[in-house]
$ cat work07.txt   # compact mmCIF, C-alpha atoms
# COMPACT_ATOMS: atom_id res chain seq x y z
CA MET R 29 -11.74 -21.58 5.06
CA ASN R 30 -9.98 -23.12 2.06
CA VAL R 31 -8.81 -21.30 -1.04
CA LEU R 32 -11.87 -22.23 -3.08
CA SER R 33 -14.44 -21.00 -0.55
CA ASN R 34 -12.32 -17.84 -0.08
CA HIS R 35 -12.48 -17.35 -3.83
CA LEU R 36 -16.26 -17.80 -4.00
CA GLN R 37 -16.97 -15.54 -1.02
CA THR R 38 -14.74 -12.83 -2.50
CA ILE R 39 -16.24 -12.97 -5.95
CA ASN R 40 -19.75 -12.95 -4.45
CA ALA R 41 -19.08 -9.60 -2.78
CA LEU R 42 -18.67 -7.94 -6.18
CA LYS R 43 -21.87 -6.80 -7.92
CA GLN R 44 -20.58 -6.96 -11.49
CA PRO R 45 -17.82 -9.08 -12.94
CA THR R 46 -14.97 -7.38 -14.76
CA SER R 47 -15.60 -6.95 -18.49
CA MET R 48 -13.52 -8.61 -21.18
CA ALA R 49 -12.76 -5.06 -22.38
CA TRP R 50 -10.60 -4.62 -19.27
CA VAL R 51 -8.83 -7.94 -19.88
CA GLU R 52 -8.04 -6.90 -23.46
CA GLN R 53 -6.79 -3.48 -22.34
CA ALA R 54 -4.63 -5.08 -19.64
CA LEU R 55 -3.13 -7.75 -21.92
CA ALA R 56 -2.28 -5.09 -24.52
CA ASN R 57 -0.46 -3.10 -21.82
CA LEU R 58 1.15 -5.65 -19.52
CA ASP R 59 4.13 -3.42 -18.66
CA THR R 60 1.93 -0.55 -17.49
CA ILE R 61 -0.29 -2.99 -15.58
CA LEU R 62 2.79 -4.33 -13.78
CA LEU R 63 3.93 -0.82 -12.88
CA ASP R 64 0.45 0.09 -11.62
CA HIS R 65 0.34 -3.19 -9.71
CA SER R 66 3.55 -2.16 -7.93
CA HIS R 67 1.87 1.10 -6.85
CA CYS R 68 -1.24 -0.82 -5.74
CA GLU R 69 0.74 -3.14 -3.45
CA CYS R 70 2.58 -0.24 -1.83
CA LYS R 71 -0.63 1.77 -1.42
CA ALA R 72 -2.35 -1.26 0.13
CA ALA R 73 0.44 -1.48 2.72
CA GLY R 74 0.10 2.27 3.36
CA VAL R 75 -3.67 1.98 3.84
CA ALA R 76 -3.26 -0.83 6.40
CA LEU R 77 -0.66 1.26 8.25
CA ASN R 78 -2.93 4.32 8.22
CA TYR R 79 -5.67 2.32 9.92
CA ILE R 80 -3.16 1.19 12.57
CA PHE R 81 -2.25 4.85 13.23
CA ARG R 82 -5.92 5.87 13.25
CA TYR R 83 -7.12 3.15 15.65
CA PRO R 84 -4.14 2.71 18.00
CA SER R 85 -6.13 0.81 20.67
CA ASN R 86 -7.75 -1.78 18.44
CA THR R 87 -5.57 -4.81 19.20
CA LYS R 88 -7.41 -7.28 16.99
CA MET R 89 -7.38 -4.94 14.01
CA ILE R 90 -3.73 -4.03 14.52
CA ARG R 91 -2.66 -7.67 14.65
CA GLU R 92 -4.51 -8.51 11.43
CA LEU R 93 -3.45 -5.38 9.54
CA THR R 94 0.22 -5.71 10.52
CA ALA R 95 0.19 -9.12 8.86
CA ILE R 96 -1.57 -7.69 5.80
CA ALA R 97 0.89 -4.77 5.52
CA ARG R 98 3.84 -7.16 5.73
CA GLU R 99 2.36 -9.33 3.00
CA GLU R 100 1.61 -6.36 0.71
CA LEU R 101 5.21 -5.18 1.08
CA GLU R 102 6.43 -8.65 0.19
CA HIS R 103 4.26 -8.54 -2.96
CA PHE R 104 5.52 -5.01 -3.68
CA GLU R 105 9.06 -6.42 -3.67
CA LEU R 106 8.06 -9.31 -5.94
CA VAL R 107 6.31 -7.05 -8.46
CA ASN R 108 9.33 -4.73 -8.46
CA GLN R 109 11.56 -7.72 -9.24
CA TRP R 110 9.32 -8.45 -12.24
CA LEU R 111 9.64 -4.83 -13.36
CA GLU R 112 13.41 -5.03 -13.08
CA ARG R 113 13.53 -8.30 -15.02
CA ARG R 114 11.54 -6.66 -17.84
CA GLY R 115 13.64 -3.49 -17.78
CA ILE R 116 10.72 -1.28 -16.72
CA PRO R 117 11.98 1.58 -14.54
CA LEU R 118 10.01 2.48 -11.42
CA ALA R 119 8.06 5.69 -12.07
CA PRO R 120 5.03 7.61 -10.83
CA LEU R 121 1.72 6.73 -12.52
CA PRO R 122 -1.46 8.82 -12.15
CA PRO R 123 -4.10 6.66 -10.46
CA PRO R 124 -7.49 5.93 -12.08
CA PRO R 125 -10.55 7.60 -10.46
CA TYR R 126 -11.53 4.30 -8.73
CA GLY R 127 -9.75 4.76 -5.37
CA ALA R 128 -10.84 8.36 -4.84
CA GLY R 129 -14.38 7.44 -5.90
CA LEU R 130 -14.56 4.74 -3.24
CA LYS R 131 -12.89 6.89 -0.59
CA ALA R 132 -15.60 9.52 -1.16
CA GLN R 133 -18.14 6.92 0.06
CA VAL R 134 -16.55 6.66 3.51
CA ARG R 135 -18.75 8.54 6.00
CA PRO R 136 -16.68 11.01 8.06
CA THR R 137 -18.06 10.28 11.54
CA GLU R 138 -17.16 7.31 13.75
CA PRO R 139 -18.15 4.54 14.05
CA ASP R 140 -19.47 4.71 10.44
CA ARG R 141 -16.00 5.71 9.27
CA PHE R 142 -14.49 2.49 10.63
CA LEU R 143 -17.19 0.30 9.09
CA ASP R 144 -16.97 2.00 5.69
CA SER R 145 -13.16 1.97 5.71
CA MET R 146 -13.00 -1.78 6.35
CA LEU R 147 -15.65 -2.54 3.70
CA VAL R 148 -14.24 -0.23 1.03
CA THR R 149 -10.73 -1.61 1.50
CA GLY R 150 -12.15 -5.15 1.47
CA LEU R 151 -13.93 -4.45 -1.82
CA ILE R 152 -10.71 -3.15 -3.39
CA GLU R 153 -8.98 -6.38 -2.29
CA ALA R 154 -11.86 -8.45 -3.69
CA ARG R 155 -11.63 -6.67 -7.05
CA SER R 156 -7.85 -7.04 -7.10
CA HIS R 157 -8.32 -10.74 -6.43
CA GLU R 158 -10.80 -11.08 -9.29
CA ARG R 159 -8.59 -9.18 -11.74
CA LEU R 160 -5.38 -10.97 -10.79
CA GLY R 161 -7.36 -14.16 -11.43
CA LEU R 162 -8.28 -12.90 -14.90
CA LEU R 163 -4.64 -12.07 -15.60
CA ALA R 164 -3.62 -15.53 -14.32
CA THR R 165 -6.10 -17.11 -16.75
CA HIS R 166 -5.56 -14.95 -19.83
CA CYS R 167 -1.93 -13.77 -19.64
CA PRO R 168 -0.09 -15.33 -22.62
CA GLU R 169 3.23 -15.45 -20.71
CA PRO R 170 3.21 -18.63 -18.59
CA GLU R 171 5.67 -17.39 -15.95
CA LEU R 172 3.82 -14.14 -15.41
CA ALA R 173 0.46 -15.95 -15.35
CA LYS R 174 1.88 -18.23 -12.65
CA PHE R 175 3.01 -15.21 -10.65
CA TYR R 176 -0.48 -13.68 -10.77
CA ARG R 177 -1.96 -16.99 -9.65
CA SER R 178 0.45 -17.09 -6.71
CA LEU R 179 -0.81 -13.71 -5.44
CA MET R 180 -4.54 -14.48 -5.73
CA ALA R 181 -5.00 -16.45 -2.51
CA SER R 182 -3.73 -13.68 -0.26
CA GLU R 183 -5.87 -10.99 -1.92
CA ALA R 184 -8.91 -13.18 -1.24
CA ARG R 185 -7.79 -13.70 2.36
CA HIS R 186 -7.36 -9.93 2.76
CA PHE R 187 -10.93 -9.33 1.66
CA GLY R 188 -12.02 -11.87 4.29
CA ILE R 189 -10.01 -10.16 7.04
CA TYR R 190 -11.45 -6.70 6.34
CA TRP R 191 -14.92 -8.22 6.25
CA VAL R 192 -14.39 -10.04 9.58
CA LEU R 193 -13.07 -6.84 11.18
CA ALA R 194 -16.26 -5.03 10.17
CA ASP R 195 -18.31 -7.98 11.41
CA THR R 196 -16.49 -8.01 14.79
CA TYR R 197 -17.68 -4.56 15.77
CA PHE R 198 -21.00 -4.21 13.94
CA ASP R 199 -24.26 -6.08 13.74
CA ARG R 200 -24.05 -8.53 10.84
CA GLU R 201 -27.17 -7.16 9.16
CA ILE R 202 -25.75 -3.61 9.21
CA VAL R 203 -22.49 -4.89 7.69
CA ARG R 204 -24.35 -6.82 5.00
CA GLN R 205 -26.52 -3.84 4.03
CA ARG R 206 -23.64 -1.39 3.90
CA LEU R 207 -21.48 -3.82 1.92
CA GLU R 208 -24.35 -4.14 -0.56
CA GLU R 209 -24.53 -0.34 -0.99
CA LEU R 210 -20.77 0.06 -1.35
CA ALA R 211 -20.47 -2.88 -3.74
CA ILE R 212 -23.01 -1.23 -6.07
CA VAL R 213 -20.91 1.96 -6.14
CA GLU R 214 -17.74 -0.10 -6.64
CA SER R 215 -19.15 -1.78 -9.74
CA GLU R 216 -20.55 1.51 -11.08
CA LEU R 217 -17.08 3.08 -10.81
CA LEU R 218 -15.76 0.35 -13.14
CA ALA R 219 -18.78 0.26 -15.50
CA THR R 220 -17.02 2.53 -18.01
CA LEU R 221 -13.49 1.39 -18.81
CA TYR R 222 -10.95 4.08 -17.84
CA SER R 223 -8.86 5.18 -20.82
CA GLU R 224 -5.50 4.43 -19.18
CA PRO R 225 -4.65 0.77 -18.44
CA ARG R 226 -4.66 0.19 -14.67
CA ILE R 227 -5.43 -2.67 -12.27
CA HIS R 228 -8.59 -0.73 -11.39
CA SER R 229 -9.34 0.94 -14.76
CA MET G 20 30.24 -4.75 7.49
CA ASN G 21 30.04 -6.78 10.67
CA VAL G 22 27.90 -6.03 13.71
CA LEU G 23 30.74 -4.45 15.68
CA SER G 24 31.79 -1.98 12.98
CA ASN G 25 28.11 -1.19 12.39
CA HIS G 26 27.82 -0.48 16.09
CA LEU G 27 30.85 1.80 16.19
CA GLN G 28 29.87 3.73 13.06
CA THR G 29 26.38 4.26 14.43
CA ILE G 30 27.49 5.42 17.83
CA ASN G 31 30.06 7.75 16.23
CA ALA G 32 27.30 9.60 14.37
CA LEU G 33 25.79 10.74 17.67
CA LYS G 34 27.26 13.89 19.23
CA GLN G 35 26.36 13.13 22.85
CA PRO G 36 25.76 9.79 24.51
CA THR G 37 22.47 9.20 26.28
CA SER G 38 22.53 10.20 29.94
CA MET G 39 22.10 7.76 32.81
CA ALA G 40 19.07 9.89 33.79
CA TRP G 41 17.29 8.51 30.70
CA VAL G 42 18.27 4.94 31.60
CA GLU G 43 16.87 5.37 35.12
CA GLN G 44 13.66 6.92 33.80
CA ALA G 45 13.26 4.09 31.27
CA LEU G 46 13.94 1.28 33.76
CA ALA G 47 11.43 2.79 36.19
CA ASN G 48 8.81 2.79 33.42
CA LEU G 49 9.46 -0.31 31.36
CA ASP G 50 5.80 -0.80 30.44
CA THR G 51 5.46 2.71 29.02
CA ILE G 52 8.78 2.33 27.21
CA LEU G 53 7.52 -0.88 25.60
CA LEU G 54 4.30 0.82 24.50
CA ASP G 55 6.24 3.79 23.10
CA HIS G 56 8.63 1.37 21.39
CA SER G 57 5.63 -0.22 19.64
CA HIS G 58 4.65 3.20 18.28
CA CYS G 59 8.25 3.89 17.22
CA GLU G 60 8.47 0.69 15.16
CA CYS G 61 5.19 1.41 13.40
CA LYS G 62 6.14 5.04 12.77
CA ALA G 63 9.52 3.93 11.37
CA ALA G 64 7.72 1.67 8.89
CA GLY G 65 5.40 4.58 8.00
CA VAL G 66 8.35 6.92 7.43
CA ALA G 67 10.06 4.43 5.07
CA LEU G 68 6.79 4.01 3.17
CA ASN G 69 6.32 7.78 2.92
CA TYR G 70 9.75 8.11 1.28
CA ILE G 71 8.76 5.39 -1.20
CA PHE G 72 5.62 7.37 -2.09
CA ARG G 73 7.58 10.64 -2.28
CA TYR G 74 10.38 9.32 -4.53
CA PRO G 75 8.58 6.80 -6.77
CA SER G 76 11.40 6.62 -9.36
CA ASN G 77 14.30 6.00 -6.98
CA THR G 78 14.82 2.26 -7.48
CA LYS G 79 17.79 1.89 -5.15
CA MET G 80 16.07 3.77 -2.33
CA ILE G 81 12.81 1.89 -2.81
CA ARG G 82 14.54 -1.50 -2.67
CA GLU G 83 16.36 -0.61 0.55
CA LEU G 84 13.41 1.06 2.25
CA THR G 85 11.00 -1.77 1.39
CA ALA G 86 13.32 -4.11 3.29
CA ILE G 87 13.51 -1.64 6.20
CA ALA G 88 9.71 -1.20 6.33
CA ARG G 89 9.22 -4.97 6.37
CA GLU G 90 11.72 -5.34 9.20
CA GLU G 91 10.16 -2.52 11.26
CA LEU G 92 6.75 -4.17 10.90
CA GLU G 93 8.22 -7.45 12.07
CA HIS G 94 9.63 -5.66 15.14
CA PHE G 95 6.27 -3.94 15.66
CA GLU G 96 4.67 -7.39 15.84
CA LEU G 97 7.32 -8.63 18.26
CA VAL G 98 6.99 -5.62 20.57
CA ASN G 99 3.20 -6.02 20.49
CA GLN G 100 3.61 -9.65 21.55
CA TRP G 101 5.65 -8.44 24.53
CA LEU G 102 2.90 -5.96 25.40
CA GLU G 103 0.32 -8.73 25.23
CA ARG G 104 2.42 -11.04 27.39
CA ARG G 105 2.68 -8.30 30.05
CA GLY G 106 -1.04 -7.46 29.82
CA ILE G 107 -0.40 -3.93 28.54
CA PRO G 108 -3.22 -2.88 26.21
CA LEU G 109 -2.34 -1.08 22.98
CA ALA G 110 -3.14 2.62 23.36
CA PRO G 111 -2.23 6.01 21.91
CA LEU G 112 0.72 7.78 23.56
CA PRO G 113 1.60 11.45 22.96
CA PRO G 114 5.07 11.59 21.35
CA PRO G 115 7.98 13.51 22.90
CA PRO G 116 9.11 16.71 21.08
CA TYR G 117 12.14 14.88 19.57
CA GLY G 118 10.62 13.75 16.25
CA ALA G 119 8.94 17.06 15.45
CA GLY G 120 12.13 18.91 16.48
CA LEU G 121 14.17 16.90 14.00
CA LYS G 122 11.55 17.12 11.26
CA ALA G 123 11.71 20.91 11.55
CA GLN G 124 15.37 20.70 10.46
CA VAL G 125 14.48 19.19 7.08
CA ARG G 126 14.86 21.90 4.41
CA PRO G 127 11.71 22.10 2.25
CA THR G 128 13.30 22.26 -1.23
CA GLU G 129 14.75 19.36 -3.20
CA PRO G 130 17.40 18.04 -3.33
CA ASP G 131 18.12 19.30 0.22
CA ARG G 132 14.89 17.73 1.39
CA PHE G 133 16.03 14.27 0.31
CA LEU G 134 19.45 14.64 1.92
CA ASP G 135 18.05 15.96 5.20
CA SER G 136 15.31 13.31 5.29
CA MET G 137 17.77 10.45 4.91
CA LEU G 138 20.14 11.89 7.53
CA VAL G 139 17.46 12.78 10.08
CA THR G 140 15.88 9.34 9.79
CA GLY G 141 19.33 7.77 10.03
CA LEU G 142 20.06 9.72 13.22
CA ILE G 143 16.79 8.55 14.78
CA GLU G 144 17.77 4.95 13.94
CA ALA G 145 21.25 5.54 15.40
CA ARG G 146 19.78 6.90 18.63
CA SER G 147 17.29 4.03 18.82
CA HIS G 148 20.18 1.64 18.39
CA GLU G 149 22.14 3.30 21.19
CA ARG G 150 19.16 3.30 23.57
CA LEU G 151 18.08 -0.26 22.84
CA GLY G 152 21.70 -1.15 23.63
CA LEU G 153 21.40 0.62 26.98
CA LEU G 154 18.17 -1.24 27.72
CA ALA G 155 19.84 -4.51 26.70
CA THR G 156 22.66 -3.80 29.18
CA HIS G 157 20.70 -2.41 32.10
CA CYS G 158 17.27 -4.05 31.95
CA PRO G 159 16.92 -6.27 35.06
CA GLU G 160 14.66 -8.75 33.27
CA PRO G 161 16.92 -11.18 31.36
CA GLU G 162 14.32 -12.17 28.72
CA LEU G 163 13.47 -8.56 27.91
CA ALA G 164 17.16 -7.58 27.87
CA LYS G 165 17.75 -10.39 25.38
CA PHE G 166 14.90 -9.10 23.22
CA TYR G 167 16.40 -5.60 23.14
CA ARG G 168 19.76 -7.06 22.19
CA SER G 169 18.15 -8.98 19.33
CA LEU G 170 16.79 -5.76 17.81
CA MET G 171 20.03 -3.74 18.04
CA ALA G 172 21.79 -5.06 14.95
CA SER G 173 19.04 -4.08 12.56
CA GLU G 174 18.70 -0.55 13.97
CA ALA G 175 22.44 -0.09 13.36
CA ARG G 176 22.07 -1.48 9.84
CA HIS G 177 19.17 0.92 9.20
CA PHE G 178 21.33 3.89 10.15
CA GLY G 179 23.94 2.61 7.68
CA ILE G 180 21.38 2.28 4.88
CA TYR G 181 20.03 5.82 5.31
CA TRP G 182 23.59 7.13 5.40
CA VAL G 183 24.55 5.21 2.22
CA LEU G 184 21.43 6.51 0.45
CA ALA G 185 22.48 10.08 1.24
CA ASP G 186 26.03 9.26 0.15
CA THR G 187 24.82 7.76 -3.17
CA TYR G 188 23.33 11.02 -4.43
CA PHE G 189 25.46 13.68 -2.72
CA ASP G 190 29.09 14.57 -2.47
CA ARG G 191 30.53 12.85 0.60
CA GLU G 192 31.82 16.12 2.10
CA ILE G 193 28.35 17.70 1.83
CA VAL G 194 26.83 14.62 3.52
CA ARG G 195 29.43 14.70 6.30
CA GLN G 196 28.94 18.41 6.99
CA ARG G 197 25.16 18.21 7.02
CA LEU G 198 25.20 15.10 9.22
CA GLU G 199 27.43 17.01 11.64
CA GLU G 200 24.96 19.93 11.82
CA LEU G 201 21.94 17.65 12.25
CA ALA G 202 23.68 15.48 14.83
CA ILE G 203 24.33 18.57 16.98
CA VAL G 204 20.61 19.45 16.89
CA GLU G 205 19.71 15.81 17.62
CA SER G 206 21.81 15.78 20.77
CA GLU G 207 20.52 19.20 21.85
CA LEU G 208 16.94 17.94 21.57
CA LEU G 209 17.78 15.23 24.11
CA ALA G 210 19.97 17.38 26.40
CA THR G 211 17.06 17.99 28.78
CA LEU G 212 15.28 14.80 29.77
CA TYR G 213 11.61 14.94 28.70
CA SER G 214 9.24 14.49 31.63
CA GLU G 215 7.38 11.52 30.14
CA PRO G 216 9.27 8.24 29.68
CA ARG G 217 9.79 7.58 25.97
CA ILE G 218 12.38 5.88 23.75
CA HIS G 219 13.36 9.39 22.64
CA SER G 220 12.67 11.34 25.88
$ encode --input "work07.txt" --output "structure tokens"
Amino acid sequence: MNVLSNHLQTINALKQPTSMAWVEQALANLDTILLDHSHCECKAAGVALNYIFRYPSNTKMIRELTAIAREELEHFELVNQWLERRGIPLAPLPPPPYGAGLKAQVRPTEPDRFLDSMLVTGLIEARSHERLGLLATHCPEPELAKFYRSLMASEARHFGIYWVLADTYFDREIVRQRLEELAIVESELLATLYSEPRIHS
Amino acid sequence: MNVLSNHLQTINALKQPTSMAWVEQALANLDTILLDHSHCECKAAGVALNYIFRYPSNTKMIRELTAIAREELEHFELVNQWLERRGIPLAPLPPPPYGAGLKAQVRPTEPDRFLDSMLVTGLIEARSHERLGLLATHCPEPELAKFYRSLMASEARHFGIYWVLADTYFDREIVRQRLEELAIVESELLATLYSEPRIHS
């Protein structure tokens, strides 16, 4: 799959596009967005690692998620270098309600839990991909815009990997239906702009 | 610091050398040792990531531990390739009491918690370094012995990094004394060989 078809498939998974209100909020708060982005990359690595601990016999999943975790940590380093360059100290940042809202959708019993976990994490990657794309397009600082563009391809690939992992173990129609349900919730969670600027506000 | 001085510093931190009984147990159970090693690498990455989440403002620590986590994940991939080559399926494996025994030594209140966490994790890296060295020396399979040798340098470096992080924020005499106390416990935990073959049995 090339970058363009990755991009289209990823964007298609999302029910509603991000509003321009988010873009304006993000551009007015680029430093906070960068700091939140740093947290997002580290959390994404942590999520991949948690799945590896939770499913210690799933060779295919472990191989894919090890690669994802390594890549997220590389991005975490790169974002932290941007923070350093701009003189923004690393600091905690309360997350928006988005992540917890999606996590609440994961059914507690296996094998539903596996399916929902892969799809929810895939949706977060798809949304990150879409929003990094918006930052790449609208960010007035050319170097930073270029950086966002450089991260986009892997976020799209990550969505694809989580989707394929779901598809490997479940009937395609079940995956499609559940993705549809979760994607509706995902867009609803972002329908009202969160007051604090975040990647997923 | 070169590899040799790394090696000596690391080995000096340990109160008691590993017994030949462990070497014999490990060599008689190389497949299980490889599987446990896979878990150790992944857990080591998880531990580094947990410290990053716990101390989100500590720039120096975060920079160092991001590099460690990336390296542990790379080793995790390499060990998993060895497992695949030998036809050993990934599977859960109950840990030996070593890790929990050391974790119990970490005092719950900051800043003691930080100091103890860095030193305990450093000691685990030092012991891993020593035992991978023993496997490199005694393993009868030349390719596998070479693999163990290739991992040794970074385990020694990891011990050094955790030690330096402790040393950055605490008086050197306090670090030395606490390392001494924890190293005694570490050796005591390994004084009786655990019945199941593990990297830290």
$ residues_around --input "work07.txt" --residues "G:Glu149" --least-positions-apart "4" --cutoff "10 Å" --atoms "only C-alpha atoms" --output "list in words"
His26, Thr29, Ile30, Leu33, Pro36, Thr37, Ile143, Glu144, Ala145, Leu153, Leu154, Ala155, Met171, Glu174 and Ala175 of chain G
$ closest_atom_pairs --input "work07.txt" --of "chain R" --to "chain G" --cutoff "8 Å" --atoms "all atoms listed in the file" --output "CSV"
residue,atom,partner,partner_atom,distance
R:Cys70,CA,G:Leu68,CA,7.8
R:Gly74,CA,G:Leu68,CA,6.9
R:Leu77,CA,G:Gly65,CA,6.9
R:Pro84,CA,G:Ala110,CA,5.5
R:Ser85,CA,G:Ala110,CA,4.4
R:Asn86,CA,G:Leu109,CA,7.1
R:Thr87,CA,G:Leu109,CA,6.2
R:Arg91,CA,G:Glu96,CA,7.4
R:Thr94,CA,G:Leu92,CA,6.7
R:Ala97,CA,G:Leu92,CA,8.0
R:Arg98,CA,G:Arg89,CA,5.8
R:Leu101,CA,G:Arg89,CA,6.6
R:Glu102,CA,G:Arg89,CA,7.7
R:Glu105,CA,G:Thr85,CA,7.1
R:Pro117,CA,G:Ser76,CA,7.3
R:Leu118,CA,G:Ser76,CA,4.8
R:Ala119,CA,G:Ser76,CA,4.4
R:Pro120,CA,G:Pro75,CA,5.5
$ residues_around --input "work07.txt" --residues "R:Leu55" --least-positions-apart "4" --cutoff "12 Å" --atoms "all atoms listed in the file" --output "PyMOL selection string"
chain R and resi 48-51+59-62+159-160+162-169+172-173+225-227
$ atom_distance --input "work07.txt" --atom1 "atom CA of R:Thr149" --atom2 "atom CA of R:Ile212"
14.4 Å
$ atom_distance --input "work07.txt" --atom1 "atom CA of G:Glu215" --atom2 "atom CA of G:Ala45"
9.5 Å
$ atom_distance --input "work07.txt" --atom1 "atom CA of G:Val204" --atom2 "atom CA of G:Leu121"
7.5 Å
$ build_atoms --input "work07.txt" --residues "stretch 46-67 of chain G" --atoms "N, CA and C atoms" --output "mmCIF file, in the frame of the given file"
data_model
loop_
_atom_site.group_PDB
_atom_site.id
_atom_site.type_symbol
_atom_site.label_atom_id
_atom_site.label_comp_id
_atom_site.auth_asym_id
_atom_site.auth_seq_id
_atom_site.Cartn_x
_atom_site.Cartn_y
_atom_site.Cartn_z
ATOM 1 N N LEU G 46 14.035 2.500 32.956
ATOM 2 C CA LEU G 46 13.940 1.280 33.760
ATOM 3 C C LEU G 46 12.809 1.374 34.792
ATOM 4 N N ALA G 47 12.525 2.595 35.226
ATOM 5 C CA ALA G 47 11.430 2.790 36.190
ATOM 6 C C ALA G 47 10.065 2.751 35.499
ATOM 7 N N ASN G 48 10.077 2.734 34.179
ATOM 8 C CA ASN G 48 8.810 2.790 33.420
ATOM 9 C C ASN G 48 8.847 1.854 32.221
ATOM 10 N N LEU G 49 9.248 0.624 32.471
ATOM 11 C CA LEU G 49 9.460 -0.310 31.360
ATOM 12 C C LEU G 49 8.200 -0.556 30.525
ATOM 13 N N ASP G 50 7.038 -0.546 31.187
ATOM 14 C CA ASP G 50 5.800 -0.800 30.440
ATOM 15 C C ASP G 50 5.520 0.327 29.442
ATOM 16 N N THR G 51 5.681 1.565 29.912
ATOM 17 C CA THR G 51 5.460 2.710 29.020
ATOM 18 C C THR G 51 6.488 2.723 27.895
ATOM 19 N N ILE G 52 7.720 2.376 28.229
ATOM 20 C CA ILE G 52 8.780 2.330 27.210
ATOM 21 C C ILE G 52 8.447 1.287 26.136
ATOM 22 N N LEU G 53 7.913 0.150 26.573
ATOM 23 C CA LEU G 53 7.520 -0.880 25.600
ATOM 24 C C LEU G 53 6.393 -0.380 24.698
ATOM 25 N N LEU G 54 5.419 0.298 25.291
ATOM 26 C CA LEU G 54 4.300 0.820 24.500
ATOM 27 C C LEU G 54 4.811 1.876 23.505
ATOM 28 N N ASP G 55 5.691 2.769 23.988
ATOM 29 C CA ASP G 55 6.240 3.790 23.100
ATOM 30 C C ASP G 55 7.085 3.132 21.996
ATOM 31 N N HIS G 56 7.809 2.101 22.363
ATOM 32 C CA HIS G 56 8.630 1.370 21.390
ATOM 33 C C HIS G 56 7.744 0.806 20.269
ATOM 34 N N SER G 57 6.581 0.274 20.651
ATOM 35 C CA SER G 57 5.630 -0.220 19.640
ATOM 36 C C SER G 57 5.295 0.890 18.648
ATOM 37 N N HIS G 58 4.958 2.077 19.181
ATOM 38 C CA HIS G 58 4.650 3.200 18.280
ATOM 39 C C HIS G 58 5.844 3.556 17.405
ATOM 40 N N CYS G 59 7.043 3.535 17.981
ATOM 41 C CA CYS G 59 8.250 3.890 17.220
ATOM 42 C C CYS G 59 8.453 2.949 16.028
ATOM 43 N N GLU G 60 8.259 1.661 16.251
ATOM 44 C CA GLU G 60 8.470 0.690 15.160
ATOM 45 C C GLU G 60 7.474 0.936 14.037
ATOM 46 N N CYS G 61 6.216 1.188 14.414
ATOM 47 C CA CYS G 61 5.190 1.410 13.400
ATOM 48 C C CYS G 61 5.453 2.727 12.650
ATOM 49 N N LYS G 62 5.842 3.760 13.412
ATOM 50 C CA LYS G 62 6.140 5.040 12.770
ATOM 51 C C LYS G 62 7.345 4.898 11.829
ATOM 52 N N ALA G 63 8.342 4.119 12.222
ATOM 53 C CA ALA G 63 9.520 3.930 11.370
ATOM 54 C C ALA G 63 9.134 3.263 10.053
ATOM 55 N N ALA G 64 8.215 2.294 10.123
ATOM 56 C CA ALA G 64 7.720 1.670 8.890
ATOM 57 C C ALA G 64 6.981 2.704 8.050
ATOM 58 N N GLY G 65 6.163 3.535 8.700
ATOM 59 C CA GLY G 65 5.400 4.580 8.000
ATOM 60 C C GLY G 65 6.313 5.593 7.329
ATOM 61 N N VAL G 66 7.397 5.963 7.994
ATOM 62 C CA VAL G 66 8.350 6.920 7.430
ATOM 63 C C VAL G 66 9.000 6.336 6.173
ATOM 64 N N ALA G 67 9.441 5.083 6.246
ATOM 65 C CA ALA G 67 10.060 4.430 5.070
ATOM 66 C C ALA G 67 9.070 4.402 3.908
#
